[in-house]
Each structure stands twice: as C-alpha cells, then as structure tokens.
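Structure, as structure tokens:
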Amino acid sequence: QKEVEQNSGPLSVPEGAIASLNCTYSDRGSQSFFWYRQYSGKSPELIMFIYSNGDKEDGRFTAQLNKASQYVSLLIRDSQPSDSATYLCAVNMRSGYALNFGKGTSLLVTP
Amino acid sequence: GAVVSQHPSRVICKSGTSVKIECRSLDFQATTMFWYRQFPKQSLMLMATSNEGSKATYEQGVEKDKFLINHASLTLSTLTVTSAHPEDSSFYICSANDRESEQYFGPGTRLTVT
C-alpha cells in the first residue's frame, strides 16, 4: 500500500500568519501532487497542483515539491479565519489518474 | 471549471435495502470516473475506477457484488449499494477526469443506513 502521510493537527495559527502544511509520500514513481481543502461535510476542492521540483505560487498559496526527499508542502500566507479547514495532500497512484489521499491536516486560523 | 453533480446529496435507508447514487459530468465528457468513500475523521479512499462502456476496476477489499458501478455514458456513472448495512454509512464522493486529465469532484452523497 502506497502511503501519503500528513500530520493530523490541529495546526493553529493566528490571523495574518503563515501556515505551513507538510506531506510525505512513499511511492517514488508518483508524478503529480495535489492540495485540496475540505470543509466539514463538504467535498474536497482543489487548491493547487504541482508536478516539478521547486516552488509554485498562486496568490496566497505556495506549493513546494522535493521529489528526492519525497516531500510536498503548502504554505498559506496572510492566513484568514476562512482558511480554517482540513487540507488534504494527494498524489496520483497510476497513470489512470486516481488519487491517493493523506488523512489531512486540520488548520485553525484564530482571529 | 468543469462541474460534477451527484444525486442524491443525502439518503437514509433501512438495512437490507439498496441505494443508487448518480454522478454526472455536466459540461464535459468523462471517459473515467472514480468513486471514493470517506468515513468520519478519515481520508478519501478509492473504491473503484469506472470507465465508460467497460467493467469497473475495484480496489482491493471492495466487494464488486455489493457496490455495483455502471458507466453507461460519457456523462453518467452510477454506484448502487446493494443490501446496505449500517457499516456502509459513509460519505460517497465521485470524481471525473476531463480531456486534460484534470480531476473534478462531485459534492458527495451522505448515506446513512439505519
């Protein structure tokens, strides 16, 4: 079983701070990496995807990938209370594009 | 972005009955759809991969005779939970790939078996 590991949290940060979410994966053959946000009782919504080593920025979000270390992270700058949710890391399992999800990290942004 | 719908959003059924959940891609054709299940405080677990016009591929541990999947067209896949039991109560989520292989999730179906 290929594993995707995340710290379950909760991670608590004050409003305006940077939230750092981490994820490791076991399958060296993984090609695509995704971060989803999931509010309680709702379906996941895609925040970002990253395919290549390095950083990828989109607004307040930055994804970082290090394939040698099998590590992917998500930084959220200027965190807002509305960012409070569970963040799921996912990697592709096979060429059929099904996703293998981590258990998620619960983020709480306090006003 | 592309839209995937699911119906119903919530369903309560009695133990031993069957429930059908529909997943539709509203504005694109999806050759592949995926069915996931999420128990409380757990992550999404892939149940099966559904390809239009062919049999679904089930993940290890998922009973294909209990969870019947039909992908009759490029915009519709259905999941039927047969002879449902309380342990089948879960959040069922489908997703679909468009031609660019980006994956879109439906809003999910909350199944409660009493």
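A note on labels: chains of the structure tokens are A, B, ... as shown, every chain counts residues from 1, and ligands are counted from 1 in their shown order.
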Quick check: residues of chain B within 7 Å of chain A, only C-alpha atoms, returned as a list in words.
Phe34, Gln42, Ser43, Leu44, Phe105, Gly106, Pro107 and Gly108 of chain B
Per residue of range 38-114 of chain B within 7 Å of range 14-22 of chain B, record the nearest atom pair and its distance in Å to one decimal, counting only C-alpha atoms, with rows in chain order and ascending residue number, as a Markdown table.
```
| residue | atom | partner | partner_atom | distance |
| --- | --- | --- | --- | --- |
| B:Ser77 | CA | B:Glu22 | CA | 6.1 |
| B:Thr78 | CA | B:Glu22 | CA | 4.5 |
| B:Leu79 | CA | B:Ile21 | CA | 5.1 |
| B:Thr80 | CA | B:Lys20 | CA | 4.2 |
| B:Val81 | CA | B:Val19 | CA | 5.2 |
| B:Thr82 | CA | B:Ser18 | CA | 4.3 |
| B:Ser83 | CA | B:Gly16 | CA | 4.1 |
| B:Ala84 | CA | B:Gly16 | CA | 5.1 |
| B:His85 | CA | B:Ser15 | CA | 4.9 |
| B:Pro86 | CA | B:Ser15 | CA | 6.6 |
| B:Val113 | CA | B:Lys14 | CA | 5.5 |
| B:Thr114 | CA | B:Lys14 | CA | 4.9 |
```
Selected residues, N, CA, C and O atoms, written as a PDB file, in the first residue's frame, please.
```pdb
ATOM      1  N   SER B  77     -22.203   8.068 -14.352  1.00  0.00           N
ATOM      2  CA  SER B  77     -21.807   6.832 -13.692  1.00  0.00           C
ATOM      3  C   SER B  77     -22.702   6.670 -12.476  1.00  0.00           C
ATOM      4  O   SER B  77     -23.043   7.654 -11.815  1.00  0.00           O
ATOM      5  N   THR B  78     -23.094   5.436 -12.187  1.00  0.00           N
ATOM      6  CA  THR B  78     -23.921   5.190 -11.014  1.00  0.00           C
ATOM      7  C   THR B  78     -23.271   4.166 -10.109  1.00  0.00           C
ATOM      8  O   THR B  78     -22.596   3.238 -10.575  1.00  0.00           O
ATOM      9  N   LEU B  79     -23.457   4.374  -8.815  1.00  0.00           N
ATOM     10  CA  LEU B  79     -22.989   3.450  -7.786  1.00  0.00           C
ATOM     11  C   LEU B  79     -24.213   2.962  -7.034  1.00  0.00           C
ATOM     12  O   LEU B  79     -24.967   3.778  -6.503  1.00  0.00           O
ATOM     13  N   THR B  80     -24.429   1.655  -7.033  1.00  0.00           N
ATOM     14  CA  THR B  80     -25.539   1.080  -6.286  1.00  0.00           C
ATOM     15  C   THR B  80     -24.981   0.279  -5.114  1.00  0.00           C
ATOM     16  O   THR B  80     -24.204  -0.660  -5.326  1.00  0.00           O
ATOM     17  N   VAL B  81     -25.383   0.661  -3.918  1.00  0.00           N
ATOM     18  CA  VAL B  81     -25.003  -0.071  -2.713  1.00  0.00           C
ATOM     19  C   VAL B  81     -26.123  -1.083  -2.463  1.00  0.00           C
ATOM     20  O   VAL B  81     -27.257  -0.708  -2.152  1.00  0.00           O
ATOM     21  N   THR B  82     -25.826  -2.335  -2.651  1.00  0.00           N
ATOM     22  CA  THR B  82     -26.846  -3.372  -2.514  1.00  0.00           C
ATOM     23  C   THR B  82     -26.846  -3.934  -1.094  1.00  0.00           C
ATOM     24  O   THR B  82     -25.791  -4.030  -0.449  1.00  0.00           O
ATOM     25  N   SER B  83     -28.050  -4.280  -0.616  1.00  0.00           N
ATOM     26  CA  SER B  83     -28.209  -4.842   0.720  1.00  0.00           C
ATOM     27  C   SER B  83     -27.369  -4.043   1.734  1.00  0.00           C
ATOM     28  O   SER B  83     -26.469  -4.574   2.392  1.00  0.00           O
ATOM     29  N   ALA B  84     -27.684  -2.767   1.812  1.00  0.00           N
ATOM     30  CA  ALA B  84     -26.880  -1.870   2.652  1.00  0.00           C
ATOM     31  C   ALA B  84     -26.988  -2.235   4.124  1.00  0.00           C
ATOM     32  O   ALA B  84     -28.041  -2.686   4.602  1.00  0.00           O
ATOM     33  N   HIS B  85     -25.901  -2.039   4.837  1.00  0.00           N
ATOM     34  CA  HIS B  85     -25.847  -2.277   6.275  1.00  0.00           C
ATOM     35  C   HIS B  85     -25.312  -1.029   6.956  1.00  0.00           C
ATOM     36  O   HIS B  85     -24.693  -0.169   6.305  1.00  0.00           O
ATOM     37  N   PRO B  86     -25.522  -0.879   8.254  1.00  0.00           N
ATOM     38  CA  PRO B  86     -25.065   0.337   8.947  1.00  0.00           C
ATOM     39  C   PRO B  86     -23.588   0.654   8.719  1.00  0.00           C
ATOM     40  O   PRO B  86     -23.220   1.824   8.649  1.00  0.00           O
ATOM     41  N   VAL B 113     -27.415   4.378   6.865  1.00  0.00           N
ATOM     42  CA  VAL B 113     -28.180   3.135   6.861  1.00  0.00           C
ATOM     43  C   VAL B 113     -28.630   2.854   8.295  1.00  0.00           C
ATOM     44  O   VAL B 113     -27.789   2.759   9.204  1.00  0.00           O
ATOM     45  N   THR B 114     -29.933   2.746   8.480  1.00  0.00           N
ATOM     46  CA  THR B 114     -30.456   2.566   9.843  1.00  0.00           C
ATOM     47  C   THR B 114     -30.826   1.102  10.117  1.00  0.00           C
ATOM     48  O   THR B 114     -30.970   0.308   9.176  1.00  0.00           O
TER      49      THR B 114
END
```
Item checked: For Thr32 in chain B: contacts at 9 Å, only C-alpha atoms, fewer than 4 positions along chain excluded, given as JSON, numbers by chain -> {"A": [96], "B": [49, 50, 51, 52, 71, 74, 95, 96, 97, 98]}
Restricted to all heavy atoms, what would the selected residues look like written as a PDB file, in the first residue's frame?
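Ended up saving to result-v7.pdb:
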```pdb
ATOM      1  N   GLY A  96      -3.836   6.113 -14.547  1.00  0.00           N
ATOM      2  CA  GLY A  96      -5.270   6.334 -14.653  1.00  0.00           C
ATOM      3  C   GLY A  96      -5.770   7.503 -13.846  1.00  0.00           C
ATOM      4  O   GLY A  96      -6.963   7.755 -13.816  1.00  0.00           O
TER       5      GLY A  96
ATOM      6  N   THR B  49     -12.607   2.435 -10.071  1.00  0.00           N
ATOM      7  CA  THR B  49     -12.436   3.273 -11.256  1.00  0.00           C
ATOM      8  C   THR B  49     -13.440   2.820 -12.294  1.00  0.00           C
ATOM      9  O   THR B  49     -13.528   1.622 -12.601  1.00  0.00           O
ATOM     10  CB  THR B  49     -11.014   3.141 -11.811  1.00  0.00           C
ATOM     11  OG1 THR B  49     -10.083   3.537 -10.807  1.00  0.00           O
ATOM     12  CG2 THR B  49     -10.833   4.008 -13.045  1.00  0.00           C
ATOM     13  N   SER B  50     -14.183   3.777 -12.816  1.00  0.00           N
ATOM     14  CA  SER B  50     -15.272   3.467 -13.731  1.00  0.00           C
ATOM     15  C   SER B  50     -14.947   4.011 -15.117  1.00  0.00           C
ATOM     16  O   SER B  50     -14.704   5.200 -15.268  1.00  0.00           O
ATOM     17  CB  SER B  50     -16.552   4.113 -13.194  1.00  0.00           C
ATOM     18  OG  SER B  50     -17.597   4.079 -14.135  1.00  0.00           O
ATOM     19  N   ASN B  51     -14.912   3.132 -16.105  1.00  0.00           N
ATOM     20  CA  ASN B  51     -14.647   3.537 -17.483  1.00  0.00           C
ATOM     21  C   ASN B  51     -15.888   3.335 -18.326  1.00  0.00           C
ATOM     22  O   ASN B  51     -16.539   2.298 -18.237  1.00  0.00           O
ATOM     23  CB  ASN B  51     -13.488   2.735 -18.065  1.00  0.00           C
ATOM     24  CG  ASN B  51     -12.185   3.042 -17.366  1.00  0.00           C
ATOM     25  OD1 ASN B  51     -11.681   4.156 -17.427  1.00  0.00           O
ATOM     26  ND2 ASN B  51     -11.640   2.063 -16.685  1.00  0.00           N
ATOM     27  N   GLU B  52     -16.187   4.302 -19.148  1.00  0.00           N
ATOM     28  CA  GLU B  52     -17.382   4.251 -19.980  1.00  0.00           C
ATOM     29  C   GLU B  52     -17.364   3.024 -20.886  1.00  0.00           C
ATOM     30  O   GLU B  52     -16.363   2.771 -21.574  1.00  0.00           O
ATOM     31  CB  GLU B  52     -17.488   5.536 -20.810  1.00  0.00           C
ATOM     32  CG  GLU B  52     -18.783   5.651 -21.594  1.00  0.00           C
ATOM     33  CD  GLU B  52     -18.642   5.153 -23.019  1.00  0.00           C
ATOM     34  OE1 GLU B  52     -17.506   5.106 -23.523  1.00  0.00           O
ATOM     35  OE2 GLU B  52     -19.673   4.827 -23.623  1.00  0.00           O
ATOM     36  N   HIS B  71     -21.273   2.625 -15.847  1.00  0.00           N
ATOM     37  CA  HIS B  71     -20.844   3.861 -16.517  1.00  0.00           C
ATOM     38  C   HIS B  71     -21.377   3.800 -17.936  1.00  0.00           C
ATOM     39  O   HIS B  71     -20.668   3.479 -18.875  1.00  0.00           O
ATOM     40  CB  HIS B  71     -19.313   3.928 -16.492  1.00  0.00           C
ATOM     41  CG  HIS B  71     -18.765   5.284 -16.834  1.00  0.00           C
ATOM     42  ND1 HIS B  71     -17.512   5.680 -16.411  1.00  0.00           N
ATOM     43  CD2 HIS B  71     -19.268   6.309 -17.528  1.00  0.00           C
ATOM     44  CE1 HIS B  71     -17.267   6.898 -16.849  1.00  0.00           C
ATOM     45  NE2 HIS B  71     -18.317   7.307 -17.523  1.00  0.00           N
ATOM     46  N   LEU B  74     -20.840   8.849 -21.386  1.00  0.00           N
ATOM     47  CA  LEU B  74     -19.663   9.670 -21.082  1.00  0.00           C
ATOM     48  C   LEU B  74     -19.955  10.739 -20.035  1.00  0.00           C
ATOM     49  O   LEU B  74     -19.056  11.482 -19.651  1.00  0.00           O
ATOM     50  CB  LEU B  74     -19.133  10.319 -22.359  1.00  0.00           C
ATOM     51  CG  LEU B  74     -18.407   9.365 -23.311  1.00  0.00           C
ATOM     52  CD1 LEU B  74     -18.098  10.062 -24.626  1.00  0.00           C
ATOM     53  CD2 LEU B  74     -17.121   8.856 -22.682  1.00  0.00           C
ATOM     54  N   SER B  95     -15.588  11.481  -8.724  1.00  0.00           N
ATOM     55  CA  SER B  95     -14.813  12.475  -9.444  1.00  0.00           C
ATOM     56  C   SER B  95     -14.703  12.053 -10.899  1.00  0.00           C
ATOM     57  O   SER B  95     -14.902  10.887 -11.234  1.00  0.00           O
ATOM     58  CB  SER B  95     -13.414  12.649  -8.832  1.00  0.00           C
ATOM     59  OG  SER B  95     -12.629  11.493  -9.054  1.00  0.00           O
ATOM     60  N   ALA B  96     -14.416  13.007 -11.737  1.00  0.00           N
ATOM     61  CA  ALA B  96     -14.334  12.732 -13.170  1.00  0.00           C
ATOM     62  C   ALA B  96     -13.169  13.485 -13.774  1.00  0.00           C
ATOM     63  O   ALA B  96     -12.851  14.606 -13.363  1.00  0.00           O
ATOM     64  CB  ALA B  96     -15.634  13.151 -13.856  1.00  0.00           C
ATOM     65  N   ASN B  97     -12.530  12.849 -14.745  1.00  0.00           N
ATOM     66  CA  ASN B  97     -11.432  13.475 -15.481  1.00  0.00           C
ATOM     67  C   ASN B  97     -11.949  14.062 -16.773  1.00  0.00           C
ATOM     68  O   ASN B  97     -12.692  13.401 -17.506  1.00  0.00           O
ATOM     69  CB  ASN B  97     -10.363  12.437 -15.832  1.00  0.00           C
ATOM     70  CG  ASN B  97      -9.384  12.220 -14.714  1.00  0.00           C
ATOM     71  OD1 ASN B  97      -9.671  12.557 -13.585  1.00  0.00           O
ATOM     72  ND2 ASN B  97      -8.252  11.647 -15.035  1.00  0.00           N
ATOM     73  N   ASP B  98     -11.507  15.293 -17.076  1.00  0.00           N
ATOM     74  CA  ASP B  98     -11.790  15.820 -18.400  1.00  0.00           C
ATOM     75  C   ASP B  98     -10.643  15.436 -19.339  1.00  0.00           C
ATOM     76  O   ASP B  98      -9.741  14.689 -18.947  1.00  0.00           O
ATOM     77  CB  ASP B  98     -12.013  17.337 -18.355  1.00  0.00           C
ATOM     78  CG  ASP B  98     -10.739  18.096 -17.962  1.00  0.00           C
ATOM     79  OD1 ASP B  98      -9.662  17.479 -17.805  1.00  0.00           O
ATOM     80  OD2 ASP B  98     -10.834  19.320 -17.797  1.00  0.00           O
TER      81      ASP B  98
END
```
Using only C-alpha atoms, determine which residues lie at most 8 Å from Gln70 in chain A, disregarding the query and same-chain residues fewer than 5 positions distant; provide the list as a JSON list (two decimals) with all heavy atoms, in the first residue's frame.
```
[["chain", "number", "residue", "atom", "x", "y", "z"],
["A", 24, "THR", "N", 4.37, 13.77, 3.22],
["A", 24, "THR", "CA", 5.37, 12.88, 2.64],
["A", 24, "THR", "C", 4.66, 11.72, 1.94],
["A", 24, "THR", "O", 3.53, 11.37, 2.30],
["A", 24, "THR", "CB", 6.34, 12.32, 3.70],
["A", 24, "THR", "OG1", 5.58, 11.61, 4.68],
["A", 24, "THR", "CG2", 7.12, 13.44, 4.36],
["A", 25, "TYR", "N", 5.32, 11.16, 0.95],
["A", 25, "TYR", "CA", 4.72, 10.07, 0.22],
["A", 25, "TYR", "C", 5.75, 8.98, 0.01],
["A", 25, "TYR", "O", 6.96, 9.23, 0.00],
["A", 25, "TYR", "CB", 4.16, 10.57, -1.13],
["A", 25, "TYR", "CG", 5.19, 11.20, -2.03],
["A", 25, "TYR", "CD1", 5.84, 10.46, -3.02],
["A", 25, "TYR", "CD2", 5.53, 12.55, -1.90],
["A", 25, "TYR", "CE1", 6.79, 11.03, -3.84],
["A", 25, "TYR", "CE2", 6.48, 13.13, -2.72],
["A", 25, "TYR", "CZ", 7.11, 12.37, -3.68],
["A", 25, "TYR", "OH", 8.07, 12.94, -4.48],
["A", 26, "SER", "N", 5.28, 7.75, -0.16],
["A", 26, "SER", "CA", 6.21, 6.62, -0.20],
["A", 26, "SER", "C", 6.53, 6.15, -1.62],
["A", 26, "SER", "O", 7.57, 5.52, -1.84],
["A", 26, "SER", "CB", 5.64, 5.45, 0.60],
["A", 26, "SER", "OG", 4.44, 4.99, 0.00],
["A", 28, "ARG", "N", 7.95, 6.43, -5.02],
["A", 28, "ARG", "CA", 8.89, 7.27, -5.76],
["A", 28, "ARG", "C", 8.44, 7.52, -7.20],
["A", 28, "ARG", "O", 8.93, 8.43, -7.85],
["A", 28, "ARG", "CB", 10.28, 6.63, -5.77],
["A", 28, "ARG", "CG", 11.03, 6.77, -4.48],
["A", 28, "ARG", "CD", 12.51, 6.46, -4.65],
["A", 28, "ARG", "NE", 13.25, 6.77, -3.43],
["A", 28, "ARG", "CZ", 13.72, 7.98, -3.13],
["A", 28, "ARG", "NH1", 13.55, 8.98, -3.97],
["A", 28, "ARG", "NH2", 14.36, 8.19, -2.02],
["A", 65, "LEU", "N", 7.73, 21.23, -3.79],
["A", 65, "LEU", "CA", 7.92, 19.81, -4.05],
["A", 65, "LEU", "C", 9.39, 19.47, -4.05],
["A", 65, "LEU", "O", 10.20, 20.15, -4.69],
["A", 65, "LEU", "CB", 7.30, 19.43, -5.39],
["A", 65, "LEU", "CG", 7.52, 17.99, -5.87],
["A", 65, "LEU", "CD1", 6.90, 16.99, -4.89],
["A", 65, "LEU", "CD2", 6.95, 17.80, -7.28]]
```
Original post:
Can you tell me how far CA of Tyr39 in chain A sits from CA of Lys66 in chain B, in Å to one decimal?
Top reply: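 Computed distance, CA of Tyr39 in chain A to CA of Lys66 in chain B, equals 29.2 Å.
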- [ ] Identify, on the basis of only C-alpha atoms, every residue whose closest approach to Gly54 in chain A does not exceed 10 Å; exclude the query and any residue fewer than 4 positions from it along the same chain; express the result as a PyMOL selection string.
- [x] chain A and resi 50+63-67+72
Keeping only all heavy atoms, write those residues as a tab-separated table (two decimals), in the first residue's frame.
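The result, written out as selection.tsv:
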```
chain	number	residue	atom	x	y	z
A	50	ILE	N	1.08	20.45	-8.34
A	50	ILE	CA	2.48	20.69	-8.69
A	50	ILE	C	3.06	19.42	-9.26
A	50	ILE	O	2.78	18.32	-8.75
A	50	ILE	CB	3.28	21.22	-7.47
A	50	ILE	CG1	4.70	21.61	-7.87
A	50	ILE	CG2	3.26	20.22	-6.33
A	50	ILE	CD1	5.44	22.41	-6.77
A	63	ALA	N	3.00	26.02	-3.21
A	63	ALA	CA	3.28	24.60	-3.06
A	63	ALA	C	4.76	24.37	-3.31
A	63	ALA	O	5.36	25.01	-4.18
A	63	ALA	CB	2.45	23.78	-4.04
A	64	GLN	N	5.36	23.48	-2.53
A	64	GLN	CA	6.77	23.16	-2.68
A	64	GLN	C	6.91	21.65	-2.83
A	64	GLN	O	6.29	20.90	-2.08
A	64	GLN	CB	7.55	23.64	-1.45
A	64	GLN	CG	7.48	25.14	-1.23
A	64	GLN	CD	8.13	25.56	0.09
A	64	GLN	OE1	7.94	24.91	1.11
A	64	GLN	NE2	8.88	26.65	0.05
A	65	LEU	N	7.73	21.23	-3.79
A	65	LEU	CA	7.92	19.81	-4.05
A	65	LEU	C	9.39	19.47	-4.05
A	65	LEU	O	10.20	20.15	-4.69
A	65	LEU	CB	7.30	19.43	-5.39
A	65	LEU	CG	7.52	17.99	-5.87
A	65	LEU	CD1	6.90	16.99	-4.89
A	65	LEU	CD2	6.95	17.80	-7.28
A	66	ASN	N	9.74	18.41	-3.34
A	66	ASN	CA	11.10	17.88	-3.34
A	66	ASN	C	11.00	16.38	-3.55
A	66	ASN	O	10.73	15.64	-2.61
A	66	ASN	CB	11.80	18.20	-2.01
A	66	ASN	CG	13.25	17.76	-2.00
A	66	ASN	OD1	13.61	16.73	-2.59
A	66	ASN	ND2	14.10	18.52	-1.35
A	67	LYS	N	11.17	15.96	-4.79
A	67	LYS	CA	10.99	14.55	-5.11
A	67	LYS	C	12.08	13.68	-4.49
A	67	LYS	O	11.83	12.53	-4.14
A	67	LYS	CB	10.95	14.35	-6.62
A	67	LYS	CG	9.69	14.87	-7.28
A	67	LYS	CD	9.65	14.51	-8.76
A	67	LYS	CE	8.35	14.98	-9.40
A	67	LYS	NZ	8.28	14.62	-10.84
A	72	VAL	N	6.22	17.13	0.00
A	72	VAL	CA	5.50	18.23	-0.63
A	72	VAL	C	4.86	19.06	0.48
A	72	VAL	O	4.41	18.50	1.49
A	72	VAL	CB	4.47	17.71	-1.66
A	72	VAL	CG1	3.46	16.80	-1.00
A	72	VAL	CG2	3.78	18.84	-2.37
```
**Item:** DSSP strand (DSSP E or B) selection over chain A, as a count of residues only
**Value:** 59
